[in-house]
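> Before I ask anything, here is the structure I am working with.
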Amino acid sequence: MTDKKMNVESFNLDHTKVKAPYIRLADIKTGEHGDTIHKYDMRICQPNQDHMDMPGLHSLEHLMAELSRNHSDKVVDISPMGCQTGFYIAMINHDDYEGVLDLVEGTLKDVLEATEVPACNEMQCGWAASHSLEGAQQIARGFLAKRNEWADIFA
């Protein structure tokens with residue numbers, strides 16, 4: 001690891017020191033009009049040891065993006081990490097960490113009840129063939145089973 005500070009917060013995080021699963025506040029940005037964006041690192045898999053398969057990850061992204069907004073109008077975005085170990089959650093004007101944990105918990109419980117993946121078709125999705133509701137539910141089930149560990153970030 002380099003001593004040079006990188007522009008991307010997660011590139012400055014020592015991935016060998018974290019212990020997934022967890023949800024941590026990764027960054028806060030304040031806009032010129034005072035709005036704040038809180039970016040959370042929702043780490044599902046242990047970095048460099050495990051990862052989510054793409055169809056399950058892709059479906060979980062669709063499900064969380066759609067279903068999270070039933071719990072809060074403060075969700076800006078839920079995006080998968082390229083390393084396939086988790087998601088980033090961006091919230092506007094919402095700095096309640098416990099509230100974010102509750103949002104994720106409620107959303108993942110909704111994922112377990114889902115009977116289909118939203119927008120899982122060629123008109124609404126850029127790779128509609130790569131989805132797995134069962135895979136998304138398996139990931140959600142595993143993350144929810146460790147709910148009591150989400151605030152413990154470092155080993």
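Ordered as shown in the structure tokens, chains take letters A, B, and onward, while each chain numbers its residues from 1 and ligands are numbered from 1 in the order shown.
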Leaving out range 97-107 of chain A and any residue of its chain fewer than 6 positions from it, which residues lie within 7 Å of it when counting only C-alpha atoms, given as a PyMOL selection string?
chain A and resi 64+67-68+71+144
> What residues in chain A get the DSSP label strand (DSSP E or B)? Please answer as a PyMOL selection string.
chain A and resi 18+22-30+36-43+75-80+86-92+154
> Determine, counting only C-alpha atoms, which protein, DNA and RNA residues have an atom within 7 Å of an atom of range 5-17 of chain A; residues of the same chain fewer than 3 positions away are not included. Present the result as a PyMOL selection string.
chain A and resi 26+47+154-155
> Restricting the calculation to only C-alpha atoms, which member of A:Glu61, A:Asp41, A:Asp95, A:Glu113 is positioned closest to Pro80 in chain A?
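Answer, going by the shortest atom-to-atom distance: A:Glu61.
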> Would you give me, as a tab-separated table, each residue of range 55-111 of chain A having an atom within 9 Å of an atom of range 130-139 of chain A, along with its shortest atom pair and that distance in Å to one decimal, using only C-alpha atoms and sorting by chain and residue number?

```
residue	atom	partner	partner_atom	distance
A:Pro55	CA	A:His131	CA	4.2
A:Gly56	CA	A:Gly135	CA	4.1
A:Leu57	CA	A:Ala136	CA	6.2
A:His58	CA	A:His131	CA	6.0
A:Ser59	CA	A:His131	CA	5.2
A:Leu60	CA	A:Ala136	CA	4.7
A:Glu61	CA	A:Ala136	CA	8.4
A:Leu63	CA	A:Ala136	CA	8.3
A:Leu108	CA	A:Gln137	CA	8.2
A:Val111	CA	A:Gln137	CA	6.2
```
> Emit the selected residues as an mmCIF file, in the first residue's frame, including N, CA, C and O atoms.

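Written output follows (out_12.cif):
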```cif
data_model
loop_
_atom_site.group_PDB
_atom_site.id
_atom_site.type_symbol
_atom_site.label_atom_id
_atom_site.label_comp_id
_atom_site.auth_asym_id
_atom_site.auth_seq_id
_atom_site.Cartn_x
_atom_site.Cartn_y
_atom_site.Cartn_z
ATOM 1 N N PRO A 55 -25.000 -12.461 -11.433
ATOM 2 C CA PRO A 55 -26.465 -12.457 -11.542
ATOM 3 C C PRO A 55 -27.154 -12.125 -10.206
ATOM 4 O O PRO A 55 -28.109 -11.344 -10.178
ATOM 5 N N GLY A 56 -26.662 -12.677 -9.102
ATOM 6 C CA GLY A 56 -27.239 -12.373 -7.798
ATOM 7 C C GLY A 56 -27.000 -10.931 -7.396
ATOM 8 O O GLY A 56 -27.905 -10.239 -6.911
ATOM 9 N N LEU A 57 -25.781 -10.443 -7.588
ATOM 10 C CA LEU A 57 -25.441 -9.055 -7.291
ATOM 11 C C LEU A 57 -26.299 -8.106 -8.120
ATOM 12 O O LEU A 57 -26.859 -7.143 -7.592
ATOM 13 N N HIS A 58 -26.434 -8.385 -9.415
ATOM 14 C CA HIS A 58 -27.196 -7.532 -10.319
ATOM 15 C C HIS A 58 -28.656 -7.455 -9.878
ATOM 16 O O HIS A 58 -29.253 -6.376 -9.811
ATOM 17 N N SER A 59 -29.227 -8.606 -9.534
ATOM 18 C CA SER A 59 -30.623 -8.618 -9.090
ATOM 19 C C SER A 59 -30.778 -7.924 -7.746
ATOM 20 O O SER A 59 -31.762 -7.207 -7.521
ATOM 21 N N LEU A 60 -29.823 -8.116 -6.850
ATOM 22 C CA LEU A 60 -29.881 -7.438 -5.557
ATOM 23 C C LEU A 60 -29.803 -5.927 -5.753
ATOM 24 O O LEU A 60 -30.498 -5.167 -5.067
ATOM 25 N N GLU A 61 -28.997 -5.486 -6.693
ATOM 26 C CA GLU A 61 -28.928 -4.051 -7.002
ATOM 27 C C GLU A 61 -30.306 -3.536 -7.427
ATOM 28 O O GLU A 61 -30.784 -2.516 -6.917
ATOM 29 N N LEU A 63 -33.279 -4.840 -6.898
ATOM 30 C CA LEU A 63 -34.228 -4.956 -5.793
ATOM 31 C C LEU A 63 -34.000 -3.876 -4.742
ATOM 32 O O LEU A 63 -34.947 -3.213 -4.303
ATOM 33 N N LEU A 108 -33.766 -5.393 2.833
ATOM 34 C CA LEU A 108 -33.378 -6.786 2.594
ATOM 35 C C LEU A 108 -34.487 -7.760 2.988
ATOM 36 O O LEU A 108 -34.652 -8.811 2.359
ATOM 37 N N VAL A 111 -36.584 -7.839 0.071
ATOM 38 C CA VAL A 111 -35.951 -8.658 -0.972
ATOM 39 C C VAL A 111 -36.336 -10.124 -0.772
ATOM 40 O O VAL A 111 -36.641 -10.833 -1.737
#
```
> Mind pulling up the distance from CA of Thr85 in chain A to CA of Gln124 in chain A?
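For CA of Gln124 in chain A relative to CA of Thr85 in chain A, the distance reads 24.6 Å.
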> Please measure the separation of CA of Asn70 in chain A and CA of Lys39 in chain A, giving the value in Å to one decimal.
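It comes out at 19.1 Å.
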> With only C-alpha atoms as the basis for distance, which of A:Ile23, A:Ala65, A:Met91, A:Cys45 is at the shortest distance from Ser79 in chain A?
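The closest residue to Ser79 in chain A is A:Ala65.
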> Hey, which of A:Gln84, A:Asn148, A:Asn93, A:Thr115 ends up closest to Asn48 in chain A? Count only C-alpha atoms.
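Among the listed residues, A:Gln84 lies closest to Asn48 in chain A.
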> Compare A:Ala145, A:Ala129, A:Ile92, A:Ile153 by their minimum atom-to-atom distance to Asp35 in chain A, counting only C-alpha atoms, and give me the closest one.
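Looking only at the distances to Asp35 in chain A, the closest residue turns out to be A:Ile92.
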> Would you mind reading off the distance between CA of Gln46 in chain A and CA of Lys19 in chain A, one decimal, in Å?
6.4 Å
> Can you tell me which residues surround Glu149 in chain A at a distance of at most 9 Å, considering only C-alpha atoms, apart from same-chain residues fewer than 4 positions away, and format the answer as an NGL selection string?
:A and (20-22 or 153)
> Based on the backbone DSSP call, show me all residues of chain A assigned helix (DSSP H, G or I), as a ChimeraX atom specification.
/A:9-12,54-70,97-113,133-145,147-149
> Restricting the calculation to only C-alpha atoms, which member of A:His94, A:His62, A:Lys4, A:Arg43 is positioned closest to Trp127 in chain A?
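Using only C-alpha atoms, the shortest distance to Trp127 in chain A belongs to A:His62.
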